[in-house]
file input12.cif (mmCIF, C-alpha atoms)
data_entry
loop_
_atom_site.label_atom_id
_atom_site.label_comp_id
_atom_site.auth_asym_id
_atom_site.auth_seq_id
_atom_site.Cartn_x
_atom_site.Cartn_y
_atom_site.Cartn_z
CA MET Y 1 -24.16 107.59 -27.35
CA ILE Y 2 -22.52 108.13 -30.72
CA ASN Y 3 -19.54 110.50 -30.93
CA LEU Y 4 -20.34 111.93 -27.49
CA ILE Y 5 -18.69 111.72 -24.11
CA SER Y 6 -20.18 112.46 -20.70
CA SER Y 7 -18.55 114.76 -18.17
CA LYS Y 8 -19.31 112.05 -15.59
CA GLY Y 9 -17.54 109.32 -17.51
CA ASP Y 10 -19.21 105.91 -17.24
CA THR Y 11 -21.24 106.84 -14.17
CA SER Y 12 -24.87 105.86 -14.68
CA ILE Y 13 -26.28 106.19 -11.17
CA PHE Y 14 -26.89 109.64 -9.72
CA VAL Y 15 -28.24 110.87 -6.38
CA ILE Y 16 -30.47 113.90 -6.96
CA PRO Y 17 -30.99 116.19 -3.92
CA ALA Y 18 -34.48 116.26 -2.44
CA GLN Y 19 -36.93 118.84 -3.80
CA SER Y 20 -34.68 119.73 -6.73
CA ALA Y 21 -36.52 121.67 -9.43
CA LYS Y 22 -33.62 121.45 -11.87
CA PHE Y 23 -30.50 119.34 -11.43
CA LYS Y 24 -27.79 118.95 -14.06
CA ILE Y 25 -26.68 115.35 -14.19
CA ALA Y 26 -23.91 115.68 -16.78
CA THR Y 27 -22.64 117.61 -19.79
CA LEU Y 28 -22.21 115.92 -23.17
CA ARG Y 29 -19.53 116.96 -25.66
CA PHE Y 30 -17.98 115.68 -28.85
CA ASP Y 31 -15.63 112.77 -28.28
CA MET Y 32 -12.86 113.93 -30.57
CA SER Y 33 -10.78 110.81 -29.92
CA LYS Y 34 -13.35 108.58 -31.61
CA LEU Y 35 -14.49 110.76 -34.50
CA LYS Y 36 -13.95 109.24 -37.92
CA PRO Y 37 -13.40 111.33 -41.06
CA GLY Y 38 -16.76 112.49 -42.38
CA LYS Y 39 -18.61 111.00 -39.41
CA THR Y 40 -19.67 114.02 -37.37
CA LYS Y 41 -23.24 113.03 -36.52
CA THR Y 42 -24.12 112.52 -32.89
CA ARG Y 43 -26.86 110.56 -31.25
CA PHE Y 44 -27.97 110.31 -27.64
CA THR Y 45 -30.73 108.11 -26.22
CA TYR Y 46 -31.50 107.22 -22.64
CA ASP Y 47 -33.74 105.20 -20.40
CA SER Y 48 -34.28 106.00 -16.74
CA LYS Y 49 -35.86 104.74 -13.55
CA PHE Y 50 -35.72 106.12 -10.04
CA PHE Y 51 -35.89 105.00 -6.43
CA TYR Y 52 -36.15 106.95 -3.22
CA GLY Y 53 -33.11 107.31 -1.00
CA ASP Y 54 -29.33 107.28 -1.34
CA TYR Y 55 -27.91 104.00 -2.64
CA SER Y 56 -24.41 105.01 -1.48
CA LEU Y 57 -25.20 104.72 2.25
CA PRO Y 58 -22.73 102.45 4.07
CA GLU Y 59 -23.58 98.77 4.34
CA ASN Y 60 -23.08 98.76 8.10
CA LEU Y 61 -25.64 101.50 8.73
CA GLU Y 62 -27.13 101.12 12.21
CA GLU Y 63 -30.62 102.24 13.10
CA HIS Y 64 -31.67 103.33 16.60
CA MET Y 65 -35.37 103.70 17.23
CA CYS Y 66 -36.39 105.72 20.26
CA GLN Y 67 -40.06 104.82 20.47
CA LEU Y 68 -42.39 102.01 19.53
CA PRO Y 69 -45.00 102.93 16.90
CA PHE Y 70 -47.82 103.41 19.40
CA ALA Y 71 -48.56 105.47 22.51
CA LYS Y 72 -45.95 105.25 25.28
CA GLN Y 73 -48.45 104.22 27.94
CA SER Y 74 -49.89 101.39 25.85
CA SER Y 75 -48.62 97.95 24.87
CA SER Y 76 -49.06 95.58 21.97
CA LYS Y 77 -48.34 91.91 21.42
CA ILE Y 78 -46.05 90.99 18.53
CA ALA Y 79 -48.08 88.72 16.27
CA GLN Y 80 -45.30 88.07 13.74
CA GLY Y 81 -41.62 88.80 14.09
CA TYR Y 82 -38.56 88.69 11.87
CA ASN Y 83 -38.54 86.13 9.06
CA GLY Y 84 -42.09 85.07 9.91
CA ASP Y 85 -43.84 82.28 8.02
CA PHE Y 86 -46.87 84.30 6.92
CA SER Y 87 -45.41 87.33 5.16
CA HIS Y 88 -42.02 88.24 6.68
CA GLN Y 89 -39.82 85.72 4.90
CA ASP Y 90 -36.25 87.03 4.66
CA GLY Y 91 -37.19 90.32 6.28
CA ASN Y 92 -36.82 92.21 9.56
CA MET Y 93 -40.40 93.35 10.06
CA LEU Y 94 -42.71 93.40 13.08
CA ASP Y 95 -46.48 92.94 13.26
CA PHE Y 96 -48.17 94.44 16.31
CA GLN Y 97 -51.67 93.23 17.19
CA MET Y 98 -53.99 96.25 17.37
CA PRO Y 99 -57.74 96.72 17.27
CA ILE Y 100 -58.90 98.71 14.27
CA GLY Y 101 -58.64 102.42 15.00
CA THR Y 102 -55.70 102.18 17.44
CA ALA Y 103 -53.51 105.29 17.43
CA VAL Y 104 -50.25 104.88 15.51
CA HIS Y 105 -47.37 107.17 16.51
CA ALA Y 106 -44.14 108.02 14.72
CA ALA Y 107 -41.19 105.99 15.96
CA ARG Y 108 -38.81 108.87 15.18
CA ASP Y 109 -38.57 112.24 13.44
CA GLY Y 110 -39.03 112.22 9.68
CA VAL Y 111 -40.74 113.53 6.58
CA VAL Y 112 -43.87 111.92 5.14
CA LEU Y 113 -42.80 110.60 1.75
CA GLU Y 114 -45.74 108.54 0.53
CA LEU Y 115 -49.14 107.37 1.77
CA VAL Y 116 -52.22 105.44 0.68
CA GLU Y 117 -55.41 105.42 2.74
CA ASN Y 118 -58.31 104.80 0.34
CA ASN Y 119 -58.52 101.00 0.59
CA GLU Y 120 -60.84 98.96 2.79
CA ARG Y 121 -60.44 95.39 1.51
CA ASN Y 122 -58.26 92.66 2.98
CA CYS Y 123 -57.52 88.96 2.63
CA ALA Y 124 -54.93 86.47 3.88
CA THR Y 125 -53.19 86.01 0.52
CA LYS Y 126 -50.59 88.07 -1.32
CA ASN Y 127 -53.22 88.90 -3.94
CA CYS Y 128 -54.50 91.60 -1.57
CA ILE Y 129 -51.18 93.42 -1.18
CA LYS Y 130 -52.49 96.00 -3.68
CA TYR Y 131 -55.09 97.00 -1.06
CA ASN Y 132 -52.53 97.89 1.61
CA ASN Y 133 -53.03 101.29 3.20
CA TYR Y 134 -49.62 102.53 4.26
CA LEU Y 135 -47.41 105.45 5.20
CA ILE Y 136 -43.70 105.78 4.47
CA MET Y 137 -41.46 108.27 6.26
CA TYR Y 138 -37.95 109.38 5.33
CA HIS Y 139 -35.36 109.97 8.07
CA SER Y 140 -32.31 112.22 8.23
CA ASP Y 141 -29.89 109.28 8.11
CA GLY Y 142 -31.27 108.11 4.77
CA THR Y 143 -33.45 105.30 6.11
CA PHE Y 144 -37.20 104.86 5.77
CA SER Y 145 -39.91 103.59 8.11
CA GLU Y 146 -43.11 101.97 6.90
CA TYR Y 147 -46.47 101.64 8.66
CA VAL Y 148 -48.86 99.26 6.87
CA HIS Y 149 -52.50 97.99 6.99
CA LEU Y 150 -53.78 101.36 8.17
CA ASN Y 151 -57.48 102.12 8.55
CA LYS Y 152 -59.32 103.60 5.58
CA ASN Y 153 -58.96 107.41 5.68
CA GLY Y 154 -57.06 106.98 8.93
CA VAL Y 155 -53.86 108.87 8.11
CA LYS Y 156 -53.45 112.08 10.15
CA VAL Y 157 -50.58 113.66 8.17
CA LYS Y 158 -49.90 114.71 4.59
CA VAL Y 159 -47.08 114.03 2.13
CA GLY Y 160 -44.29 116.51 2.83
CA ASP Y 161 -45.18 117.00 6.51
CA ASN Y 162 -42.31 117.12 8.99
CA VAL Y 163 -43.23 114.69 11.76
CA LYS Y 164 -41.82 114.52 15.27
CA LYS Y 165 -41.10 111.36 17.23
CA GLY Y 166 -44.21 110.29 19.10
CA GLN Y 167 -46.59 112.34 16.96
CA LEU Y 168 -49.95 110.78 16.08
CA ILE Y 169 -49.76 109.86 12.40
CA ALA Y 170 -52.49 107.30 11.67
CA GLU Y 171 -55.02 104.74 12.84
CA SER Y 172 -54.26 101.03 12.59
CA GLY Y 173 -56.54 98.86 10.50
CA ASN Y 174 -56.93 95.58 8.67
CA THR Y 175 -56.39 96.43 5.02
CA GLY Y 176 -54.49 94.68 2.25
CA TRP Y 177 -52.55 91.47 2.80
CA SER Y 178 -53.74 90.90 6.33
CA SER Y 179 -55.39 88.05 8.22
CA GLY Y 180 -56.49 90.24 11.14
CA PRO Y 181 -56.22 93.75 12.62
CA HIS Y 182 -52.59 94.72 13.18
CA LEU Y 183 -49.85 97.21 12.36
CA HIS Y 184 -46.97 96.09 10.17
CA PHE Y 185 -43.83 98.11 10.93
CA SER Y 186 -40.37 98.07 9.40
CA VAL Y 187 -37.34 100.27 8.83
CA PHE Y 188 -35.32 99.86 5.65
CA ARG Y 189 -32.68 101.38 3.43
CA GLN Y 190 -33.11 101.52 -0.33
CA ILE Y 191 -30.40 100.05 -2.56
CA LEU Y 192 -31.55 100.91 -6.07
CA ASP Y 193 -34.47 98.56 -6.74
CA LYS Y 194 -33.96 96.53 -3.56
CA ARG Y 195 -35.09 97.25 -0.02
CA VAL Y 196 -32.91 96.05 2.84
CA SER Y 197 -34.87 95.84 6.08
CA LEU Y 198 -32.89 96.66 9.21
CA PHE Y 199 -32.64 94.54 12.34
CA LEU Y 200 -34.60 96.43 14.99
CA PHE Y 201 -34.77 94.14 17.98
CA SER Y 202 -33.16 96.92 20.00
CA LEU Y 203 -36.31 98.92 19.29
CA VAL Y 204 -38.00 97.32 22.28
CA LEU Y 205 -34.97 97.77 24.53
CA VAL Y 206 -33.56 101.20 23.78
CA SER Y 207 -34.31 104.03 26.19
CA CYS Y 208 -33.85 107.51 24.77
CA ASN Y 209 -33.98 110.97 26.29
#
call {"tool": "encode", "arguments": {"input": "input12.cif", "output": "structure tokens"}}
result
Amino acid sequence: MINLISSKGDTSIFVIPAQSAKFKIATLRFDMSKLKPGKTKTRFTYDSKFFYGDYSLPENLEEHMCQLPFAKQSSSKIAQGYNGDFSHQDGNMLDFQMPIGTAVHAARDGVVLELVENNERNCATKNCIKYNNYLIMYHSDGTFSEYVHLNKNGVKVKVGDNVKKGQLIAESGNTGWSSGPHLHFSVFRQILDKRVSLFLFSLVLVSCN
């Protein structure tokens, strides 16, 4: 900025409320303290990028899942756990072995934020990550849950849908970066351009009403 000052000072990160049609970030005005004689021109340029979620959430945020991401009366073996060698390095994610077409249920209440279901390819290298079918849900505490490797055209909800815990949301598959049929599941918080996956071992122990 030249000869301008922002009403928000040096703040450059803003949290915009969900579904905002118009949201005023700041007001610009002449910076009289820096004006030089005869120099009254102003200039303002900007660059922007955005990420979902609220970066200001506390670091010690705790997540409590009330249901595993499949039907209550069923079970699934964990094929890869936290910090796994195949694809979970430095991350708290879980892979549940599931035959293609297995019902995937929401682990908790949330809003469908993003989904992809048009892919059908897979391979055991990271090159195939672009073929992942997935669903991301946003939760009231500012966290997100992610369900990955879903079956082609297997998602049962739409972006913007309010989903209840235990609701059928998709079919498991074997798409993207995958060496066999399974469901990849994780919960994370977004810190600007970085995801921080949450430790969810209690997910298999917690009993909720």
call {"tool": "closest_residue", "arguments": {"input": "input12.cif", "among": "Y:Arg121, Y:Lys41, Y:Lys164, Y:His184", "to": "Arg108 of chain Y", "atoms": "all atoms listed in the file"}}
result
Y:Lys164
call {"tool": "atom_distance", "arguments": {"input": "input12.cif", "atom1": "atom CA of Ile2 of chain Y", "atom2": "atom CA of Asp31 of chain Y"}}
result
8.7 Å
call {"tool": "axis_aligned_box", "arguments": {"input": "input12.cif", "around": "segment 19-23 of chain Y", "padding_each_side": "5 Å", "output": "lines of an AutoDock Vina configuration file"}}
result
center_x = -33.7
center_y = 120.3
center_z = -7.8
size_x = 16.4
size_y = 12.8
size_z = 18.1
call {"tool": "resolve_selection", "arguments": {"input": "input12.cif", "expression": "the PyMOL selection byres ((chain Y and resi 14) around 12)", "output": "PyMOL selection string"}}
result
chain Y and resi 8+10-13+15-17+23-26+48-56+192
call {"tool": "atom_distance", "arguments": {"input": "input12.cif", "atom1": "atom CA of Gln19 of chain Y", "atom2": "atom CA of Ser197 of chain Y"}}
result
25.1 Å
call {"tool": "resolve_selection", "arguments": {"input": "input12.cif", "expression": "the PyMOL selection byres ((chain Y and resi 70) around 8)", "output": "ChimeraX atom specification"}}
result
/Y:67-69,71-72,74-75,103-107,166
call {"tool": "closest_residue", "arguments": {"input": "input12.cif", "among": "Y:Tyr147, Y:Phe185, Y:Tyr138, Y:Trp177", "to": "Val116 of chain Y", "atoms": "all atoms listed in the file"}}
result
Y:Tyr147
call {"tool": "atom_distance", "arguments": {"input": "input12.cif", "atom1": "atom CA of Asn3 of chain Y", "atom2": "atom CA of Tyr46 of chain Y"}}
result
14.9 Å
call {"tool": "closest_residue", "arguments": {"input": "input12.cif", "among": "Y:Ser145, Y:Ser172, Y:Asn92, Y:Gln97", "to": "Glu114 of chain Y", "atoms": "all atoms listed in the file"}}
result
Y:Ser145
call {"tool": "resolve_selection", "arguments": {"input": "input12.cif", "expression": "the PyMOL selection byres ((chain Y and resi 137) around 8)", "output": "PyMOL selection string"}}
result
chain Y and resi 110-114+135-136+138-139+144-146
call {"tool": "closest_residue", "arguments": {"input": "input12.cif", "among": "Y:Asn174, Y:Asn132, Y:Asn119, Y:Gln190", "to": "Lys152 of chain Y", "atoms": "all atoms listed in the file"}}
result
Y:Asn119
call {"tool": "closest_residue", "arguments": {"input": "input12.cif", "among": "Y:Asn122, Y:Thr42, Y:Asn162, Y:Asn153", "to": "Ser140 of chain Y", "atoms": "only C-alpha atoms"}}
result
Y:Asn162
call {"tool": "closest_residue", "arguments": {"input": "input12.cif", "among": "Y:Thr27, Y:Asn133, Y:Ser186, Y:Ser6", "to": "Ala170 of chain Y", "atoms": "all atoms listed in the file"}}
result
Y:Asn133
call {"tool": "residues_around", "arguments": {"input": "input12.cif", "residues": "Asn127 of chain Y", "least_positions_apart": "3", "cutoff": "9 Å", "atoms": "all atoms listed in the file", "output": "ChimeraX atom specification"}}
result
/Y:123-124,130-131,176-177
call {"tool": "residues_around", "arguments": {"input": "input12.cif", "residues": "Tyr134 of chain Y", "least_positions_apart": "5", "cutoff": "7 Å", "atoms": "only C-alpha atoms", "output": "PDB file with C-alpha atoms, keeping the file's coordinate frame"}}
result
ATOM      1  CA  LEU Y 115     -49.140 107.370   1.770  1.00  0.00           C
ATOM      2  CA  VAL Y 116     -52.220 105.440   0.680  1.00  0.00           C
ATOM      3  CA  GLU Y 117     -55.410 105.420   2.740  1.00  0.00           C
ATOM      4  CA  TYR Y 147     -46.470 101.640   8.660  1.00  0.00           C
ATOM      5  CA  VAL Y 148     -48.860  99.260   6.870  1.00  0.00           C
ATOM      6  CA  HIS Y 149     -52.500  97.990   6.990  1.00  0.00           C
ATOM      7  CA  LEU Y 150     -53.780 101.360   8.170  1.00  0.00           C
TER       8      LEU Y 150
END
